[in-house]
Amino acid sequence: MDPLQTSIEYLKGVGPNRAQLFREELQINTFQDLLHFFPNRYIDRSTFYSVAKLPQTPTEIQLKGKIISLTTVAQKRGKRLVAKFQDESGVLELVWFRGIQWIKSSLQLHQNYVIFGRINWYKGHPTMPHPELELEEDFQQGVKGLFYPVYPSTEKLINKGISQRLVQKLVASLLEKTLGQLGETLPQYTLQHLQLISKAEALKQIHFPASQSLLSRAQLRLKFEEFFYIQLQLILKNLQRKQKIKGHVFAEVGTNFLTFYNDQLPFRLTDAQKRVIKEIRFDLGSGRQMNRLLQGDVGSGKTIVALLCMLIAMDNGYQSTLVAPTEILAQQHFQSLQTLLENSSVQCALLTGSTPNKVRNELHEKLQSGALHILVGTHAVFEEKVKFHQLGLAVIDEQHRFGVAQRAKLWRKNDIPPHVLVMTATPIPRTLAMSIYGDLDSSVIDQLPPGRKAIKTLHRYDSNRLKVFAFLKSQIESGRQVYVVYPLINESEHMDYKDLMDGYESVSRSFPKPQFQISIVHGQMKSEDKAYEMDRFVRGETQLMVATTVIEVGVNIPNASVMVIESAERFGLSQLHQLRGRVGRGSDQSYCILMSSHKLSEDAKIRLKTMVDTNDGFEIAEVDLRLRGPGNLMGTQQSGVLQLKIADLVKDNKLLKYARDNALELLKKDSHLEAPEHQVLKRTLVRSKFHKNIWNFIS
Ligand code: ADP
Ligand code: MG
């Protein structure tokens, strides 16, 4: 057996009780786990604070001095032990609430100690609760290296006496014991090429760095390794899927596509759209199932790309489905496809939760006979009773609303799964996309159709509402339409609903009938009422649309050129960007006005400023990632790959790209890892089958 897989229990100084704590509190089971339990920071052990100059921040500090007295103080809930600690500059109180007997019996008065802990300020009075103590003599002989590693810990561990010093000692002894047995986990040429230090050296330095520069090199090596193995796994998964999962072969581009492309296309495709269609076409003809993510900012023209792909499917005798996250969106997609396909023989239908049974039954029949070519719908199309004659392509719009599980359902409908194209208008930062969707192929439409005027974004305070309303009037007078959006963070939240109704009242007062007509749409309305209100706005019968975020995605009304977002500070960046994308779809100058109160948090200020400064969705996504961290972004929660131990998606984004490119190149040359120099990778990866955390198998 691999000695590193030895249970932590058998490390000298651990035993069954502590082993249990390590397992439960830190998920450390084996020697291997402890070696890869990285410090989250370091303390320069050559630096000592003095009592006269204690820091105001709650960081851990070191002091050198003597304990000059010990008293037990009775208090309401139990006792506390207070020690007076003195250095050359003054006296500090140390306090214990637990383990009093033990401390009392082991502390030696008037001896030189090094103490370590956090300062607690209470009414200008500093104390250090539960410090770690060590006789200076022992300290001097203690851990080698210039820095103290500080490891993640928990309340329970501290209470049970698992101190930093103890963990340090355990790690140090484990390192000593195992360092000679630690093999390399990256190919030699990779190490040389990237000038990375060896695995053994990296582990030694990450725990007990001899210098700042060695610490940096250890971090670099381990971060690279973490990214590299994740990418290697993701890319391999993709390759394997391509080898294993057969796909329908769409060998040719036929009359439906060509007729549409040559005669019915209402505009010229942008270069980006053409490139993306080529990428998709290649997949569709390859005989392997396509799993492609199509990213394109709002308004970049993803719908037409979807349609052209669906026409290719049809040319090859297959049906397609286009699935949207909401009823309104499905309806809109259906309408725009209807318009685009006006003069063609393509049969297209809509299926949503509110499709009447009679219509539905007819539709099921046509679908099963193959008379229907394209089915547009909501998740209703995933239902078991919906059966296709021959489903070849599923296009899923707005990925983040759908779980992966739902996507998988589609596959079960046929022996050979349909090709899947997932479209998203929420630009995903490159680093995040590489990590979450690293096993999908991806295409990006990074260009807007020509002739679009950049949307002008302004930030206005609520106190300027009258001016803003006057501006809206002038826009309406020149024929434009206006959205006024209220936050409805939680559909059931009464408060939000009230905000919307109050807002509606106030808009109604300022824009009185009959001169002005107002539509209102919110989540608590029945879907036919929503559709009716939407419809009036689409047809231009109403000039203002007061709504909650239900209009967030996809809605396309070119004449609506002003978007007012109320309480904009309450929206997240990606939501603001999505909302703004509702305007700027026609030829007129469009505006987005962000209304807010004067009270803004620092983050809110950055969000609003970012919106005012840029229209670029990818740039906005990067800021969002920096503000919120990867774990809080939409769709990332399910993703295990984000539980990184040492690398940081935001700070180390260049390294991630580097690691991915490296893995790609390596697998391009040796996709089965057969070369002798790649055996080390293969061995390491084999272990991955049993472990979730990447470091459990990299050894
Ligand atoms: P999204 O990517 O947000 O789904 P849409 O597909 O709804 O964008 O397209 C937005 C608008 O741009 C639509 O009105 C569409 O007809 C138009 N459009 C798409 N591609 C082009 C193009 N190449 N040239 C001009 N207009 C285009
Ligand atoms: Mg769209």
# chains A, B, ... in the order shown; residues from 1 in each chain; ligands from 1
>>> closest_atom_pairs(of="chain A", to="ligand 2", cutoff="12 Å", atoms="only C-alpha atoms and all ligand atoms", output="Markdown table")
| residue | atom | partner | partner_atom_place_in_ligand_line | distance |
| --- | --- | --- | --- | --- |
| A:Leu294 | CA | ligand 2 | 1 (Mg) | 11.1 |
| A:Gln295 | CA | ligand 2 | 1 (Mg) | 10.5 |
| A:Gly296 | CA | ligand 2 | 1 (Mg) | 8.9 |
| A:Asp297 | CA | ligand 2 | 1 (Mg) | 9.0 |
| A:Val298 | CA | ligand 2 | 1 (Mg) | 6.7 |
| A:Gly299 | CA | ligand 2 | 1 (Mg) | 7.0 |
| A:Ser300 | CA | ligand 2 | 1 (Mg) | 8.3 |
| A:Gly301 | CA | ligand 2 | 1 (Mg) | 7.1 |
| A:Lys302 | CA | ligand 2 | 1 (Mg) | 5.9 |
| A:Thr303 | CA | ligand 2 | 1 (Mg) | 5.7 |
| A:Ile304 | CA | ligand 2 | 1 (Mg) | 9.3 |
| A:Val305 | CA | ligand 2 | 1 (Mg) | 10.3 |
| A:Ala306 | CA | ligand 2 | 1 (Mg) | 9.7 |
| A:Leu307 | CA | ligand 2 | 1 (Mg) | 11.6 |
| A:Leu322 | CA | ligand 2 | 1 (Mg) | 11.0 |
| A:Val323 | CA | ligand 2 | 1 (Mg) | 11.0 |
| A:Ala324 | CA | ligand 2 | 1 (Mg) | 9.0 |
| A:Pro325 | CA | ligand 2 | 1 (Mg) | 10.9 |
| A:Thr326 | CA | ligand 2 | 1 (Mg) | 11.9 |
| A:Ile328 | CA | ligand 2 | 1 (Mg) | 11.9 |
| A:Leu329 | CA | ligand 2 | 1 (Mg) | 8.3 |
| A:Ala330 | CA | ligand 2 | 1 (Mg) | 10.1 |
| A:Gln331 | CA | ligand 2 | 1 (Mg) | 11.9 |
| A:Gln332 | CA | ligand 2 | 1 (Mg) | 9.2 |
| A:His333 | CA | ligand 2 | 1 (Mg) | 7.9 |
| A:Phe334 | CA | ligand 2 | 1 (Mg) | 11.6 |
| A:Ser336 | CA | ligand 2 | 1 (Mg) | 10.4 |
| A:Leu337 | CA | ligand 2 | 1 (Mg) | 11.8 |
| A:Val395 | CA | ligand 2 | 1 (Mg) | 11.4 |
| A:Ile396 | CA | ligand 2 | 1 (Mg) | 10.3 |
| A:Asp397 | CA | ligand 2 | 1 (Mg) | 6.9 |
| A:Glu398 | CA | ligand 2 | 1 (Mg) | 7.8 |
| A:Gln399 | CA | ligand 2 | 1 (Mg) | 11.3 |
| A:Val422 | CA | ligand 2 | 1 (Mg) | 11.4 |
| A:Met423 | CA | ligand 2 | 1 (Mg) | 8.1 |
| A:Thr424 | CA | ligand 2 | 1 (Mg) | 8.0 |
| A:Ala425 | CA | ligand 2 | 1 (Mg) | 7.0 |
| A:Thr426 | CA | ligand 2 | 1 (Mg) | 10.5 |
| A:Glu552 | CA | ligand 2 | 1 (Mg) | 11.0 |
| A:Val553 | CA | ligand 2 | 1 (Mg) | 7.3 |
| A:Gly554 | CA | ligand 2 | 1 (Mg) | 4.5 |
| A:Val555 | CA | ligand 2 | 1 (Mg) | 7.6 |
| A:Asn556 | CA | ligand 2 | 1 (Mg) | 8.1 |
| A:Ile557 | CA | ligand 2 | 1 (Mg) | 11.9 |
| A:Gln578 | CA | ligand 2 | 1 (Mg) | 10.6 |
| A:Gly581 | CA | ligand 2 | 1 (Mg) | 10.0 |
| A:Arg582 | CA | ligand 2 | 1 (Mg) | 10.1 |
| A:Arg585 | CA | ligand 2 | 1 (Mg) | 11.6 |
>>> residues_around(residues="Leu186 of chain A", least_positions_apart="2", cutoff="12 Å", atoms="only C-alpha atoms", output="NGL selection string")
:A and (183-184 or 188-200 or 221-222 or 224-226 or 228-229 or 232 or 659 or 662-663 or 666 or 677-685 or 698-699)
>>> select_by_dssp(residues="segment 242-329 of chain A", states="strand (DSSP E)", output="compact mmCIF listing (two decimals) with C-alpha atoms, in the first residue's frame")
# COMPACT_ATOMS: atom_id res chain seq x y z
CA ASN A 291 -21.99 19.54 -26.50
CA ARG A 292 -21.31 23.13 -27.17
CA LEU A 293 -21.69 26.28 -25.15
CA LEU A 294 -22.51 29.33 -27.23
CA GLN A 295 -21.81 32.58 -25.45
CA GLY A 296 -22.87 35.85 -26.92
CA GLN A 319 -36.12 17.52 -35.80
CA SER A 320 -34.91 20.23 -33.46
CA THR A 321 -36.10 21.82 -30.29
CA LEU A 322 -35.41 25.29 -28.94
CA VAL A 323 -35.98 25.56 -25.22
>>> atom_distance(atom1="atom CA of Ser596 of chain A", atom2="atom CA of Asn464 of chain A")
9.9 Å
>>> residues_around(residues="Leu239 of chain A", least_positions_apart="2", cutoff="12 Å", atoms="only C-alpha atoms", output="MDAnalysis selection string")
chainID A and resid 232:237 241:245 288:291 438:441 664 667:668 670:672
>>> select_by_dssp(residues="segment 448-602 of chain A", states="alpha helix (DSSP H)", output="PyMOL selection string")
chain A and resi 465-477+494-510+527-538+573-580+602
>>> residues_around(residues="Thr259 of chain A", least_positions_apart="2", cutoff="12 Å", atoms="only C-alpha atoms", output="PyMOL selection string")
chain A and resi 253-257+261-265+308+311-312+315+341+343-346
>>> closest_residue(among="A:Ser506, A:Thr548, A:Gln575, A:Ser354", to="Pro427 of chain A", atoms="only C-alpha atoms")
A:Gln575
>>> closest_residue(among="A:Arg580, A:Arg687, A:His459, A:Lys223", to="ligand 1", atoms="only C-alpha atoms and all ligand atoms")
A:Arg580
>>> residues_around(residues="segment 520-525 of chain A", least_positions_apart="2", cutoff="7 Å", atoms="only C-alpha atoms", output="list in words")
Glu491, Ile518, Ser527, Asp529, Lys530, Glu533, Met545, Val546, Ala547, Thr548 and Val550 of chain A
>>> closest_residue(among="A:Val583, A:Leu11, A:Leu175, A:Leu421", to="Ile206 of chain A", atoms="only C-alpha atoms")
A:Leu175
>>> atom_distance(atom1="atom CA of His373 of chain A", atom2="atom CA of Met314 of chain A")
6.6 Å
>>> atom_distance(atom1="atom CA of Glu528 of chain A", atom2="atom CA of Asn357 of chain A")
15.9 Å
>>> residues_around(residues="Glu176 of chain A", least_positions_apart="6", cutoff="12 Å", atoms="only C-alpha atoms", output="tab-separated table (two decimals) with N, CA and C atoms, in the first residue's frame")
chain	number	residue	atom	x	y	z
A	11	LEU	N	-0.05	8.59	12.84
A	11	LEU	CA	1.04	9.55	12.93
A	11	LEU	C	1.31	9.79	14.42
A	35	LEU	N	-0.39	16.32	4.38
A	35	LEU	CA	0.65	16.98	3.59
A	35	LEU	C	0.07	18.05	2.68
A	143	VAL	N	10.29	24.76	15.19
A	143	VAL	CA	10.15	24.63	13.75
A	143	VAL	C	11.22	25.43	13.01
A	144	LYS	N	11.81	24.78	12.03
A	144	LYS	CA	12.80	25.48	11.22
A	144	LYS	C	12.10	26.40	10.22
A	169	LYS	N	3.83	21.03	14.37
A	169	LYS	CA	4.74	19.94	14.75
A	169	LYS	C	4.38	18.65	14.03
A	170	LEU	N	3.08	18.38	13.93
A	170	LEU	CA	2.66	17.15	13.24
A	170	LEU	C	3.09	17.18	11.78
A	182	LEU	N	8.26	10.95	-1.43
A	182	LEU	CA	7.35	11.72	-2.28
A	182	LEU	C	7.82	11.73	-3.72
A	200	ALA	N	8.36	17.44	-3.90
A	200	ALA	CA	8.82	17.33	-2.51
A	200	ALA	C	9.27	18.69	-1.98
A	201	GLU	N	10.03	19.39	-2.78
A	201	GLU	CA	10.50	20.70	-2.35
A	201	GLU	C	9.33	21.66	-2.15
A	203	LEU	N	6.27	20.94	-1.31
A	203	LEU	CA	5.53	20.64	-0.08
A	203	LEU	C	6.28	21.12	1.15
A	204	LYS	N	7.58	20.94	1.10
A	204	LYS	CA	8.39	21.38	2.24
A	204	LYS	C	8.27	22.90	2.41
A	207	HIS	N	4.87	24.50	3.62
A	207	HIS	CA	4.60	24.42	5.06
A	207	HIS	C	5.59	25.26	5.87
A	208	PHE	N	6.85	25.13	5.50
A	208	PHE	CA	7.87	25.85	6.27
A	208	PHE	C	8.81	26.59	5.33
>>> closest_residue(among="A:Gln168, A:Thr270, A:Ser153, A:Gln368", to="ligand 1", atoms="only C-alpha atoms and all ligand atoms")
A:Thr270
>>> decode(residues="segment 577-618 of chain A", atoms="N, CA and C atoms", output="short mmCIF file (atom, residue, chain, number, x, y, z; two decimals), in the first residue's frame")
data_model
loop_
_atom_site.label_atom_id
_atom_site.label_comp_id
_atom_site.auth_asym_id
_atom_site.auth_seq_id
_atom_site.Cartn_x
_atom_site.Cartn_y
_atom_site.Cartn_z
N HIS A 577 -26.78 44.10 -16.34
CA HIS A 577 -26.35 44.00 -17.73
C HIS A 577 -27.41 43.32 -18.59
N GLN A 578 -28.02 42.29 -18.05
CA GLN A 578 -29.11 41.61 -18.76
C GLN A 578 -30.25 42.57 -19.05
N LEU A 579 -30.63 43.32 -18.03
CA LEU A 579 -31.74 44.26 -18.18
C LEU A 579 -31.41 45.31 -19.23
N ARG A 580 -30.21 45.84 -19.14
CA ARG A 580 -29.81 46.87 -20.11
C ARG A 580 -29.88 46.32 -21.54
N GLY A 581 -29.62 45.04 -21.66
CA GLY A 581 -29.64 44.42 -22.98
C GLY A 581 -31.02 44.42 -23.64
N ARG A 582 -32.07 44.77 -22.89
CA ARG A 582 -33.40 44.85 -23.50
C ARG A 582 -33.50 46.04 -24.44
N VAL A 583 -32.66 47.06 -24.22
CA VAL A 583 -32.70 48.21 -25.14
C VAL A 583 -31.48 48.16 -26.05
N GLY A 584 -31.40 49.10 -26.96
CA GLY A 584 -30.27 49.11 -27.89
C GLY A 584 -30.45 48.12 -29.01
N ARG A 585 -31.70 47.76 -29.29
CA ARG A 585 -31.96 46.75 -30.31
C ARG A 585 -32.45 47.35 -31.61
N GLY A 586 -32.75 48.64 -31.57
CA GLY A 586 -33.20 49.29 -32.79
C GLY A 586 -32.13 50.23 -33.31
N SER A 587 -32.53 51.13 -34.20
CA SER A 587 -31.54 52.01 -34.80
C SER A 587 -31.40 53.33 -34.02
N ASP A 588 -32.30 53.57 -33.05
CA ASP A 588 -32.23 54.83 -32.30
C ASP A 588 -31.21 54.76 -31.17
N GLN A 589 -30.79 55.94 -30.73
CA GLN A 589 -29.93 55.99 -29.56
C GLN A 589 -30.71 55.46 -28.35
N SER A 590 -30.11 54.54 -27.61
CA SER A 590 -30.78 53.98 -26.44
C SER A 590 -30.13 54.45 -25.15
N TYR A 591 -30.92 54.39 -24.09
CA TYR A 591 -30.44 54.85 -22.79
C TYR A 591 -30.77 53.84 -21.71
N CYS A 592 -29.87 53.76 -20.77
CA CYS A 592 -30.17 52.98 -19.56
C CYS A 592 -29.93 53.91 -18.38
N ILE A 593 -30.96 54.12 -17.57
CA ILE A 593 -30.83 55.04 -16.44
C ILE A 593 -30.92 54.26 -15.15
N LEU A 594 -29.84 54.29 -14.40
CA LEU A 594 -29.78 53.55 -13.14
C LEU A 594 -30.17 54.49 -12.01
N MET A 595 -31.33 54.25 -11.38
CA MET A 595 -31.78 55.09 -10.28
C MET A 595 -31.31 54.46 -8.97
N SER A 596 -30.85 55.32 -8.07
CA SER A 596 -30.47 54.76 -6.77
C SER A 596 -30.64 55.81 -5.70
N SER A 597 -30.61 55.39 -4.45
CA SER A 597 -30.60 56.34 -3.36
C SER A 597 -29.16 56.84 -3.19
N HIS A 598 -28.98 57.76 -2.25
CA HIS A 598 -27.62 58.26 -2.01
C HIS A 598 -26.80 57.29 -1.19
N LYS A 599 -27.51 56.42 -0.46
CA LYS A 599 -26.80 55.48 0.42
C LYS A 599 -26.34 54.29 -0.41
N LEU A 600 -25.06 54.22 -0.67
CA LEU A 600 -24.56 53.12 -1.50
C LEU A 600 -23.38 52.44 -0.82
N SER A 601 -23.40 51.14 -0.85
CA SER A 601 -22.25 50.40 -0.32
C SER A 601 -21.09 50.54 -1.31
N GLU A 602 -19.89 50.20 -0.86
CA GLU A 602 -18.73 50.30 -1.75
C GLU A 602 -18.93 49.44 -3.00
N ASP A 603 -19.42 48.22 -2.78
CA ASP A 603 -19.65 47.32 -3.91
C ASP A 603 -20.69 47.89 -4.87
N ALA A 604 -21.75 48.46 -4.30
CA ALA A 604 -22.80 49.01 -5.15
C ALA A 604 -22.23 50.15 -6.01
N LYS A 605 -21.36 50.95 -5.40
CA LYS A 605 -20.74 52.04 -6.17
C LYS A 605 -19.95 51.47 -7.34
N ILE A 606 -19.18 50.41 -7.08
CA ILE A 606 -18.39 49.80 -8.15
C ILE A 606 -19.31 49.23 -9.24
N ARG A 607 -20.39 48.60 -8.80
CA ARG A 607 -21.31 48.01 -9.79
C ARG A 607 -21.90 49.09 -10.70
N LEU A 608 -22.37 50.16 -10.08
CA LEU A 608 -23.00 51.21 -10.89
C LEU A 608 -21.98 51.88 -11.81
N LYS A 609 -20.80 52.11 -11.27
CA LYS A 609 -19.76 52.75 -12.08
C LYS A 609 -19.36 51.85 -13.26
N THR A 610 -19.25 50.57 -13.00
CA THR A 610 -18.90 49.63 -14.06
C THR A 610 -19.94 49.68 -15.17
N MET A 611 -21.21 49.72 -14.78
CA MET A 611 -22.29 49.78 -15.77
C MET A 611 -22.19 51.05 -16.60
N VAL A 612 -21.89 52.17 -15.93
CA VAL A 612 -21.80 53.43 -16.65
C VAL A 612 -20.59 53.41 -17.60
N ASP A 613 -19.51 52.78 -17.15
CA ASP A 613 -18.27 52.82 -17.92
C ASP A 613 -18.21 51.89 -19.12
N THR A 614 -18.89 50.75 -19.04
CA THR A 614 -18.70 49.80 -20.15
C THR A 614 -19.98 49.07 -20.54
N ASN A 615 -20.03 48.69 -21.81
CA ASN A 615 -21.12 47.88 -22.33
C ASN A 615 -20.68 46.45 -22.59
N ASP A 616 -19.42 46.20 -22.31
CA ASP A 616 -18.85 44.90 -22.67
C ASP A 616 -19.17 43.85 -21.60
N GLY A 617 -20.00 42.89 -21.97
CA GLY A 617 -20.46 41.89 -21.02
C GLY A 617 -19.35 41.08 -20.39
N PHE A 618 -18.30 40.81 -21.15
CA PHE A 618 -17.22 40.02 -20.58
C PHE A 618 -16.45 40.81 -19.53
#
